[in-house]
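Asks: Structure in C-alpha cells, see below.
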Amino acid sequence: MTDQNQHTSGLGRRAVLSVAALGAGGAVLGAAGTAQAQAGPQTATPARGGAPKLPVPAIIGHRGSAGYRPEHTFGSYEFGLELGADVVEQDLVPTKDGHLVCRHEPEIGGTTDVADHPEFADRKTTYTIDGVATTGWFTPDFTLAELKTLRAVERLPTVRPHNTIYNGRWEIPTFDEVLAWAETEGRKRGKVVWLHTETKHPTYFRGIGLPLEEKLAKLLRQYGRNRADSPQFLESFEAQSLQRLGKLGVAAPKIFLLGAATTQPWDFVVSGDKRTVADLVTPAGLKWTAGFAQGIGPTTDLIIPRDASGKLPS
C-alpha cells in the first residue's frame, strides 16, 4: 500500500516525533509538536557553538498556527510565534519555474482563490500523485509570478470558520522568503526561530523534472542552515529525499516521517523495496533509519494502536 497520509489532513502529519534529534540540542521531540526533555539542564544554552538548544518543553507551530490563521501564510507563521512557538513548520512544493513555495500539497484549489481567477480556469486538471488521482490546480503548472497573483484562503472552512475572515489577506510565501523572515524575526525577538521543513512528494516531483532537494540545499547553505547545529529540521515521508539531502552536504537534523503500519513510503513503491512501515519500526528498521536521520515522526497509531473498530484501547 502507498502512504495515503501524505494526501490527507489527518494522522500523517499529527505525528509523535520520538527519536532524539541530536542537532536540536539533545531534545526528544514529543507528541503533537512538543519537545520532551532528556536528562540535563532545562535551559536554552548554546549547542556546539551554533544555534541555542530548544527550550524544554519546545513548541512546534504546525503550518504556523493553522487553527487561527490560514495555514502556510506569514499571518499563520507570525501568529504562531506570538502564541509561543519555538519552531515553525513548512511544507515545500515547486513552481513551474523551479521555486520552492510553502503549501501543504501541490493542489491549491482548496488553499487559494485560484478558482476565482478566470485566467487560470484552463489550468484545472487531474494528476495522479503517489498513486492518488486528484483534480484541481497544481503549483507545477504555475510560475512564481502567477502564484503571487493568488491569495490564500482557509482550507477547512467548516472546521475553522473563524479563519475565513482572513481569506485573501496573504500571498503564498516562498521558502526563500520564509528563511529571510526567520532571520528578521529572530533579530527582532532576540530568539532564534527554528524551522521544520518537509519535502512533499519528492519522488514525484523529481520524476517531472522539478527536484526539490538541490534547490532546498542551495537555500539552506545561503542562509547558513545546512549545518548540524543549525536551527533547522528537515523531514520527509521518503527516505531517499533525506538521503539525497545528506549527500548534498546538508547536515541539519533530519526526521523520517512514518505513516500507518501497513503502508509503504512512495520511494519504496517506485524502487520495488517491499518493506512496510511496520518493518521500519523494528530494531533493524530503526538501525537502518539511523544511517540517514536523527529522528522519526510516526503516526500516533504506531504508538497507540487502535482496535478493530478504530477505537483507542480503554
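As shown in the C-alpha cells, the chain order sets the letters A, B, ...; within each chain, residues go from 1, and ligands are also counted from 1 in the order they appear.
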Pick out each residue of stretch 28-177 of chain A that DSSP on the backbone tags as alpha helix (DSSP H); I need them as a PDB file with N, CA and C atoms, in the first residue's frame.
Replies:
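As written to disk, result_23.pdb reads:
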ATOM      1  N   PHE A  74       2.287  34.064   6.013  1.00  0.00           N
ATOM      2  CA  PHE A  74       3.053  34.786   7.026  1.00  0.00           C
ATOM      3  C   PHE A  74       2.174  35.167   8.209  1.00  0.00           C
ATOM      4  N   GLY A  75       0.887  35.329   7.972  1.00  0.00           N
ATOM      5  CA  GLY A  75      -0.013  35.566   9.092  1.00  0.00           C
ATOM      6  C   GLY A  75      -0.028  34.390  10.046  1.00  0.00           C
ATOM      7  N   SER A  76      -0.045  33.176   9.493  1.00  0.00           N
ATOM      8  CA  SER A  76      -0.048  31.965  10.310  1.00  0.00           C
ATOM      9  C   SER A  76       1.289  31.767  11.006  1.00  0.00           C
ATOM     10  N   TYR A  77       2.395  31.978  10.288  1.00  0.00           N
ATOM     11  CA  TYR A  77       3.715  31.814  10.891  1.00  0.00           C
ATOM     12  C   TYR A  77       3.941  32.837  11.998  1.00  0.00           C
ATOM     13  N   GLU A  78       3.598  34.085  11.741  1.00  0.00           N
ATOM     14  CA  GLU A  78       3.835  35.132  12.734  1.00  0.00           C
ATOM     15  C   GLU A  78       2.975  34.934  13.974  1.00  0.00           C
ATOM     16  N   PHE A  79       1.720  34.548  13.784  1.00  0.00           N
ATOM     17  CA  PHE A  79       0.867  34.339  14.956  1.00  0.00           C
ATOM     18  C   PHE A  79       1.320  33.114  15.739  1.00  0.00           C
ATOM     19  N   GLY A  80       1.890  32.137  15.034  1.00  0.00           N
ATOM     20  CA  GLY A  80       2.467  31.002  15.747  1.00  0.00           C
ATOM     21  C   GLY A  80       3.546  31.443  16.724  1.00  0.00           C
ATOM     22  N   LEU A  81       4.404  32.361  16.285  1.00  0.00           N
ATOM     23  CA  LEU A  81       5.423  32.888  17.199  1.00  0.00           C
ATOM     24  C   LEU A  81       4.787  33.670  18.336  1.00  0.00           C
ATOM     25  N   GLU A  82       3.743  34.437  18.023  1.00  0.00           N
ATOM     26  CA  GLU A  82       3.060  35.203  19.072  1.00  0.00           C
ATOM     27  C   GLU A  82       2.468  34.277  20.132  1.00  0.00           C
ATOM     28  N   LEU A 144       6.099  31.294 -10.510  1.00  0.00           N
ATOM     29  CA  LEU A 144       6.010  32.007  -9.239  1.00  0.00           C
ATOM     30  C   LEU A 144       5.254  33.326  -9.413  1.00  0.00           C
ATOM     31  N   ALA A 145       5.518  34.032 -10.488  1.00  0.00           N
ATOM     32  CA  ALA A 145       4.815  35.302 -10.712  1.00  0.00           C
ATOM     33  C   ALA A 145       3.309  35.092 -10.782  1.00  0.00           C
ATOM     34  N   GLU A 146       2.875  34.008 -11.396  1.00  0.00           N
ATOM     35  CA  GLU A 146       1.441  33.724 -11.462  1.00  0.00           C
ATOM     36  C   GLU A 146       0.882  33.375 -10.084  1.00  0.00           C
ATOM     37  N   LEU A 147       1.617  32.569  -9.328  1.00  0.00           N
ATOM     38  CA  LEU A 147       1.152  32.218  -7.984  1.00  0.00           C
ATOM     39  C   LEU A 147       1.036  33.450  -7.092  1.00  0.00           C
ATOM     40  N   PHE A 175       9.930  29.643   0.095  1.00  0.00           N
ATOM     41  CA  PHE A 175      10.796  29.251   1.200  1.00  0.00           C
ATOM     42  C   PHE A 175      11.934  30.240   1.376  1.00  0.00           C
ATOM     43  N   ASP A 176      12.393  30.830   0.293  1.00  0.00           N
ATOM     44  CA  ASP A 176      13.401  31.885   0.370  1.00  0.00           C
ATOM     45  C   ASP A 176      12.900  33.021   1.249  1.00  0.00           C
ATOM     46  N   GLU A 177      11.643  33.427   1.046  1.00  0.00           N
ATOM     47  CA  GLU A 177      11.060  34.495   1.866  1.00  0.00           C
ATOM     48  C   GLU A 177      10.924  34.065   3.316  1.00  0.00           C
TER      49      GLU A 177
END
Asks: Find the residues near stretch 96-112 of chain A: any atom within 7 Å, counting only C-alpha atoms, skip ones fewer than 2 places away on the same chain, and give them as a compact mmCIF listing (two decimals) with all heavy atoms, in the first residue's frame.
Replies:
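Wrote around15.txt, looks like this:
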# COMPACT_ATOMS: atom_id res chain seq x y z
N HIS A 72 0.19 28.08 6.29
CA HIS A 72 1.29 28.42 5.38
C HIS A 72 1.14 29.81 4.77
O HIS A 72 1.23 30.00 3.56
CB HIS A 72 1.44 27.35 4.29
CG HIS A 72 1.94 26.04 4.81
ND1 HIS A 72 3.01 25.93 5.67
CD2 HIS A 72 1.50 24.76 4.60
CE1 HIS A 72 3.21 24.65 5.96
NE2 HIS A 72 2.32 23.93 5.33
N GLN A 90 7.03 24.13 7.80
CA GLN A 90 6.61 24.42 6.43
C GLN A 90 6.60 23.12 5.61
O GLN A 90 7.37 22.20 5.89
CB GLN A 90 7.57 25.39 5.70
CG GLN A 90 7.94 26.63 6.42
CD GLN A 90 9.06 26.38 7.40
OE1 GLN A 90 10.06 25.76 7.07
NE2 GLN A 90 8.89 26.86 8.63
N ASP A 91 5.75 23.08 4.59
CA ASP A 91 5.77 22.03 3.58
C ASP A 91 6.16 22.67 2.26
O ASP A 91 5.65 23.74 1.91
CB ASP A 91 4.39 21.38 3.43
CG ASP A 91 3.88 20.78 4.72
OD1 ASP A 91 4.60 19.95 5.29
OD2 ASP A 91 2.75 21.12 5.13
N LEU A 92 7.04 22.02 1.50
CA LEU A 92 7.56 22.62 0.28
C LEU A 92 7.11 21.86 -0.96
O LEU A 92 7.20 20.63 -1.03
CB LEU A 92 9.09 22.65 0.32
CG LEU A 92 9.74 23.41 1.46
CD1 LEU A 92 11.25 23.44 1.26
CD2 LEU A 92 9.18 24.82 1.59
N VAL A 93 6.63 22.63 -1.95
CA VAL A 93 6.30 22.11 -3.28
C VAL A 93 6.88 23.09 -4.31
O VAL A 93 7.12 24.25 -3.99
CB VAL A 93 4.78 21.95 -3.47
CG1 VAL A 93 4.22 20.90 -2.52
CG2 VAL A 93 4.06 23.27 -3.27
N PRO A 94 7.12 22.64 -5.56
CA PRO A 94 7.76 23.51 -6.53
C PRO A 94 6.78 24.23 -7.44
O PRO A 94 5.64 23.80 -7.64
CB PRO A 94 8.60 22.53 -7.35
CG PRO A 94 7.75 21.29 -7.38
CD PRO A 94 7.04 21.25 -6.04
N VAL A 114 -7.64 30.55 -6.42
CA VAL A 114 -7.39 30.32 -7.84
C VAL A 114 -8.66 30.08 -8.63
O VAL A 114 -8.77 30.46 -9.80
CB VAL A 114 -6.39 29.14 -8.01
CG1 VAL A 114 -6.96 27.83 -7.51
CG2 VAL A 114 -5.95 29.03 -9.46
N ALA A 115 -9.68 29.47 -8.02
CA ALA A 115 -10.93 29.21 -8.73
C ALA A 115 -11.66 30.48 -9.11
O ALA A 115 -12.52 30.47 -10.01
CB ALA A 115 -11.84 28.32 -7.88
N GLY A 136 -7.77 19.46 -9.64
CA GLY A 136 -7.68 20.83 -9.14
C GLY A 136 -6.65 21.62 -9.91
O GLY A 136 -6.40 21.37 -11.10
N TRP A 137 -6.05 22.57 -9.23
CA TRP A 137 -4.98 23.39 -9.78
C TRP A 137 -3.69 23.06 -9.02
O TRP A 137 -3.73 22.92 -7.80
CB TRP A 137 -5.31 24.87 -9.61
CG TRP A 137 -6.43 25.37 -10.47
CD1 TRP A 137 -6.34 26.00 -11.68
CD2 TRP A 137 -7.84 25.35 -10.15
NE1 TRP A 137 -7.58 26.36 -12.15
CE2 TRP A 137 -8.52 25.97 -11.23
CE3 TRP A 137 -8.57 24.85 -9.07
CZ2 TRP A 137 -9.90 26.12 -11.25
CZ3 TRP A 137 -9.96 24.99 -9.11
CH2 TRP A 137 -10.60 25.61 -10.17
N PHE A 138 -2.56 22.98 -9.72
CA PHE A 138 -1.34 22.46 -9.13
C PHE A 138 -0.18 23.43 -9.33
O PHE A 138 0.00 23.98 -10.42
CB PHE A 138 -1.00 21.10 -9.74
CG PHE A 138 -2.03 20.04 -9.46
CD1 PHE A 138 -3.19 19.96 -10.23
CD2 PHE A 138 -1.87 19.15 -8.41
CE1 PHE A 138 -4.15 19.00 -9.97
CE2 PHE A 138 -2.84 18.19 -8.13
CZ PHE A 138 -3.99 18.11 -8.92
N THR A 139 0.61 23.59 -8.28
CA THR A 139 1.72 24.55 -8.35
C THR A 139 2.67 24.32 -9.51
O THR A 139 3.18 25.31 -10.07
CB THR A 139 2.52 24.58 -7.03
OG1 THR A 139 3.06 23.27 -6.75
CG2 THR A 139 1.64 25.03 -5.87
N PRO A 140 2.97 23.08 -9.93
CA PRO A 140 3.90 22.92 -11.05
C PRO A 140 3.38 23.46 -12.38
O PRO A 140 4.14 23.53 -13.35
CB PRO A 140 4.11 21.40 -11.12
CG PRO A 140 3.76 20.90 -9.78
CD PRO A 140 2.65 21.78 -9.32
N ASP A 141 2.11 23.83 -12.44
CA ASP A 141 1.55 24.41 -13.66
C ASP A 141 1.55 25.93 -13.63
O ASP A 141 1.02 26.56 -14.56
CB ASP A 141 0.11 23.91 -13.86
CG ASP A 141 0.06 22.43 -14.20
OD1 ASP A 141 1.05 21.91 -14.75
OD2 ASP A 141 -0.98 21.79 -13.90
N PHE A 142 2.13 26.52 -12.58
CA PHE A 142 2.15 27.98 -12.42
C PHE A 142 3.58 28.45 -12.22
O PHE A 142 4.36 27.83 -11.50
CB PHE A 142 1.33 28.40 -11.20
CG PHE A 142 -0.15 28.19 -11.34
CD1 PHE A 142 -0.71 26.92 -11.18
CD2 PHE A 142 -0.99 29.25 -11.62
CE1 PHE A 142 -2.08 26.72 -11.31
CE2 PHE A 142 -2.36 29.07 -11.75
CZ PHE A 142 -2.90 27.80 -11.60
N THR A 143 3.91 29.58 -12.81
CA THR A 143 5.16 30.24 -12.46
C THR A 143 4.99 30.92 -11.11
O THR A 143 3.86 31.13 -10.64
CB THR A 143 5.54 31.29 -13.52
OG1 THR A 143 4.57 32.34 -13.50
CG2 THR A 143 5.63 30.68 -14.90
N LEU A 144 6.10 31.29 -10.51
CA LEU A 144 6.01 32.01 -9.24
C LEU A 144 5.25 33.33 -9.41
O LEU A 144 4.43 33.68 -8.56
CB LEU A 144 7.40 32.27 -8.68
CG LEU A 144 7.44 33.04 -7.36
CD1 LEU A 144 6.68 32.30 -6.27
CD2 LEU A 144 8.89 33.31 -6.93
N LEU A 150 -2.28 35.16 -6.65
CA LEU A 150 -3.32 34.49 -5.87
C LEU A 150 -3.22 34.89 -4.40
O LEU A 150 -2.20 35.42 -3.95
CB LEU A 150 -3.16 32.97 -5.98
CG LEU A 150 -3.10 32.39 -7.40
CD1 LEU A 150 -2.91 30.87 -7.33
CD2 LEU A 150 -4.34 32.75 -8.20
N ARG A 151 -4.26 34.61 -3.65
CA ARG A 151 -4.27 34.87 -2.22
C ARG A 151 -4.75 33.63 -1.49
O ARG A 151 -5.58 32.87 -1.99
CB ARG A 151 -5.17 36.07 -1.87
CG ARG A 151 -4.63 37.40 -2.39
CD ARG A 151 -3.31 37.75 -1.75
NE ARG A 151 -2.74 39.01 -2.23
CZ ARG A 151 -1.91 39.12 -3.25
NH1 ARG A 151 -1.57 38.04 -3.94
NH2 ARG A 151 -1.42 40.29 -3.60
N ALA A 152 -4.21 33.43 -0.30
CA ALA A 152 -4.52 32.25 0.49
C ALA A 152 -5.92 32.33 1.08
O ALA A 152 -6.41 33.41 1.42
CB ALA A 152 -3.50 32.09 1.61
N VAL A 153 -6.55 31.16 1.20
CA VAL A 153 -7.86 31.04 1.87
C VAL A 153 -7.80 29.88 2.84
O VAL A 153 -6.91 29.03 2.78
CB VAL A 153 -9.00 30.83 0.85
CG1 VAL A 153 -9.08 31.98 -0.14
CG2 VAL A 153 -8.85 29.50 0.12
N GLU A 154 -8.77 29.84 3.75
CA GLU A 154 -8.86 28.76 4.72
C GLU A 154 -9.20 27.45 4.02
O GLU A 154 -10.16 27.37 3.26
CB GLU A 154 -9.91 29.09 5.77
CG GLU A 154 -10.26 27.94 6.71
CD GLU A 154 -9.04 27.33 7.39
OE1 GLU A 154 -8.15 28.09 7.83
OE2 GLU A 154 -8.97 26.09 7.46
N ARG A 155 -8.42 26.41 4.29
CA ARG A 155 -8.60 25.11 3.65
C ARG A 155 -9.78 24.33 4.19
O ARG A 155 -10.42 23.55 3.46
CB ARG A 155 -7.31 24.28 3.80
CG ARG A 155 -7.36 22.91 3.14
CD ARG A 155 -5.99 22.25 3.16
NE ARG A 155 -5.50 22.05 4.51
CZ ARG A 155 -5.74 20.95 5.24
NH1 ARG A 155 -6.47 19.97 4.73
NH2 ARG A 155 -5.25 20.84 6.46
N ILE A 172 1.03 33.47 -1.20
CA ILE A 172 1.75 32.21 -0.98
C ILE A 172 3.22 32.56 -0.76
O ILE A 172 3.85 33.17 -1.63
CB ILE A 172 1.62 31.28 -2.19
CG1 ILE A 172 0.17 30.87 -2.40
CG2 ILE A 172 2.51 30.04 -2.02
CD1 ILE A 172 -0.06 30.05 -3.66
N PRO A 173 3.81 32.19 0.36
CA PRO A 173 5.22 32.53 0.59
C PRO A 173 6.16 31.54 -0.09
O PRO A 173 5.86 30.35 -0.20
CB PRO A 173 5.36 32.44 2.11
CG PRO A 173 4.31 31.46 2.53
CD PRO A 173 3.18 31.58 1.55
N THR A 174 7.29 32.04 -0.54
CA THR A 174 8.37 31.15 -0.99
C THR A 174 9.20 30.76 0.23
O THR A 174 9.19 31.44 1.26
CB THR A 174 9.29 31.84 -2.01
OG1 THR A 174 10.00 32.89 -1.35
CG2 THR A 174 8.49 32.40 -3.18
N PHE A 175 9.93 29.64 0.09
CA PHE A 175 10.80 29.25 1.20
C PHE A 175 11.93 30.24 1.38
O PHE A 175 12.38 30.49 2.49
CB PHE A 175 11.33 27.84 0.98
CG PHE A 175 12.09 27.31 2.16
CD1 PHE A 175 11.52 27.29 3.43
CD2 PHE A 175 13.38 26.81 2.02
CE1 PHE A 175 12.22 26.81 4.54
CE2 PHE A 175 14.08 26.32 3.11
CZ PHE A 175 13.50 26.33 4.37
N LEU A 210 11.25 18.49 -11.60
CA LEU A 210 11.26 19.58 -10.63
C LEU A 210 11.74 19.07 -9.27
O LEU A 210 11.02 19.09 -8.28
CB LEU A 210 9.86 20.19 -10.49
CG LEU A 210 9.34 20.96 -11.71
CD1 LEU A 210 7.86 21.30 -11.52
CD2 LEU A 210 10.15 22.25 -11.92
Asks: Nearest to A:Gly186 among A:Val87, A:Leu220, A:Ala308, A:Val56, with distances taken over only C-alpha atoms: which residue is it?
Replies: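 Counting only C-alpha atoms, the residue closest to A:Gly186 is A:Val87.
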Asks: Under the rule of at most 6 Å, produce a per-residue listing of stretch 85-198 of chain A near stretch 225-246 of chain A: chain, number, name, the closest pair of atoms, and the distance in Å, as a tab-separated table, using only C-alpha atoms.
Replies:
residue	atom	partner	partner_atom	distance
A:Trp194	CA	A:Pro231	CA	4.7
A:Leu195	CA	A:Gln232	CA	4.9
A:His196	CA	A:Phe233	CA	4.5
A:Thr197	CA	A:Leu234	CA	4.9
A:Glu198	CA	A:Glu235	CA	4.6
Asks: Any chance you could export the current selection's all heavy atoms as a PDB file, in the first residue's frame?
Replies:
ATOM      1  N   TRP A 194      13.498  28.571  14.950  1.00  0.00           N
ATOM      2  CA  TRP A 194      13.769  27.282  14.319  1.00  0.00           C
ATOM      3  C   TRP A 194      12.724  27.021  13.234  1.00  0.00           C
ATOM      4  O   TRP A 194      11.554  27.400  13.388  1.00  0.00           O
ATOM      5  CB  TRP A 194      13.703  26.162  15.347  1.00  0.00           C
ATOM      6  CG  TRP A 194      14.891  26.066  16.251  1.00  0.00           C
ATOM      7  CD1 TRP A 194      15.286  26.961  17.214  1.00  0.00           C
ATOM      8  CD2 TRP A 194      15.831  24.990  16.289  1.00  0.00           C
ATOM      9  NE1 TRP A 194      16.408  26.510  17.845  1.00  0.00           N
ATOM     10  CE2 TRP A 194      16.770  25.295  17.301  1.00  0.00           C
ATOM     11  CE3 TRP A 194      15.964  23.807  15.579  1.00  0.00           C
ATOM     12  CZ2 TRP A 194      17.830  24.457  17.601  1.00  0.00           C
ATOM     13  CZ3 TRP A 194      17.017  22.959  15.876  1.00  0.00           C
ATOM     14  CH2 TRP A 194      17.941  23.296  16.880  1.00  0.00           C
ATOM     15  N   LEU A 195      13.144  26.337  12.178  1.00  0.00           N
ATOM     16  CA  LEU A 195      12.245  25.925  11.115  1.00  0.00           C
ATOM     17  C   LEU A 195      12.229  24.400  11.014  1.00  0.00           C
ATOM     18  O   LEU A 195      13.229  23.739  11.279  1.00  0.00           O
ATOM     19  CB  LEU A 195      12.669  26.521   9.770  1.00  0.00           C
ATOM     20  CG  LEU A 195      12.704  28.053   9.686  1.00  0.00           C
ATOM     21  CD1 LEU A 195      13.171  28.495   8.313  1.00  0.00           C
ATOM     22  CD2 LEU A 195      11.341  28.665  10.014  1.00  0.00           C
ATOM     23  N   HIS A 196      11.087  23.861  10.634  1.00  0.00           N
ATOM     24  CA  HIS A 196      10.889  22.412  10.487  1.00  0.00           C
ATOM     25  C   HIS A 196      10.276  22.228   9.100  1.00  0.00           C
ATOM     26  O   HIS A 196       9.107  22.545   8.883  1.00  0.00           O
ATOM     27  CB  HIS A 196       9.933  21.919  11.581  1.00  0.00           C
ATOM     28  CG  HIS A 196      10.103  20.475  11.942  1.00  0.00           C
ATOM     29  ND1 HIS A 196      10.292  19.475  11.009  1.00  0.00           N
ATOM     30  CD2 HIS A 196      10.102  19.855  13.160  1.00  0.00           C
ATOM     31  CE1 HIS A 196      10.391  18.310  11.638  1.00  0.00           C
ATOM     32  NE2 HIS A 196      10.286  18.511  12.936  1.00  0.00           N
ATOM     33  N   THR A 197      11.057  21.740   8.136  1.00  0.00           N
ATOM     34  CA  THR A 197      10.734  21.865   6.724  1.00  0.00           C
ATOM     35  C   THR A 197      10.599  20.503   6.064  1.00  0.00           C
ATOM     36  O   THR A 197      11.520  19.680   6.128  1.00  0.00           O
ATOM     37  CB  THR A 197      11.828  22.686   6.015  1.00  0.00           C
ATOM     38  OG1 THR A 197      12.019  23.920   6.725  1.00  0.00           O
ATOM     39  CG2 THR A 197      11.441  22.982   4.581  1.00  0.00           C
ATOM     40  N   GLU A 198       9.452  20.273   5.430  1.00  0.00           N
ATOM     41  CA  GLU A 198       9.149  18.980   4.813  1.00  0.00           C
ATOM     42  C   GLU A 198       9.208  19.049   3.293  1.00  0.00           C
ATOM     43  O   GLU A 198       8.632  19.946   2.678  1.00  0.00           O
ATOM     44  CB  GLU A 198       7.768  18.488   5.234  1.00  0.00           C
ATOM     45  CG  GLU A 198       7.394  17.146   4.621  1.00  0.00           C
ATOM     46  CD  GLU A 198       6.034  16.633   5.061  1.00  0.00           C
ATOM     47  OE1 GLU A 198       5.443  17.216   5.995  1.00  0.00           O
ATOM     48  OE2 GLU A 198       5.556  15.643   4.458  1.00  0.00           O
TER      49      GLU A 198
END
Asks: Work out how far apart atom CA of A:Arg275 and atom CA of A:Val132 are and give it in Å to one decimal.
Replies: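 These two atoms are separated by 20.1 Å.
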Asks: What does the structure give for the distance between atom CA of A:His62 and atom CA of A:Val88, in Å to one decimal?
Replies: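 These two atoms are separated by 6.5 Å.
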Asks: Quick one: residues within 7 Å of stretch 260-268 of chain A, only C-alpha atoms, excluding same-chain residues fewer than 5 positions away - as a ChimeraX atom specification?
Replies: /A:1-3,130,203,237-238,240,273-278,299,301-302
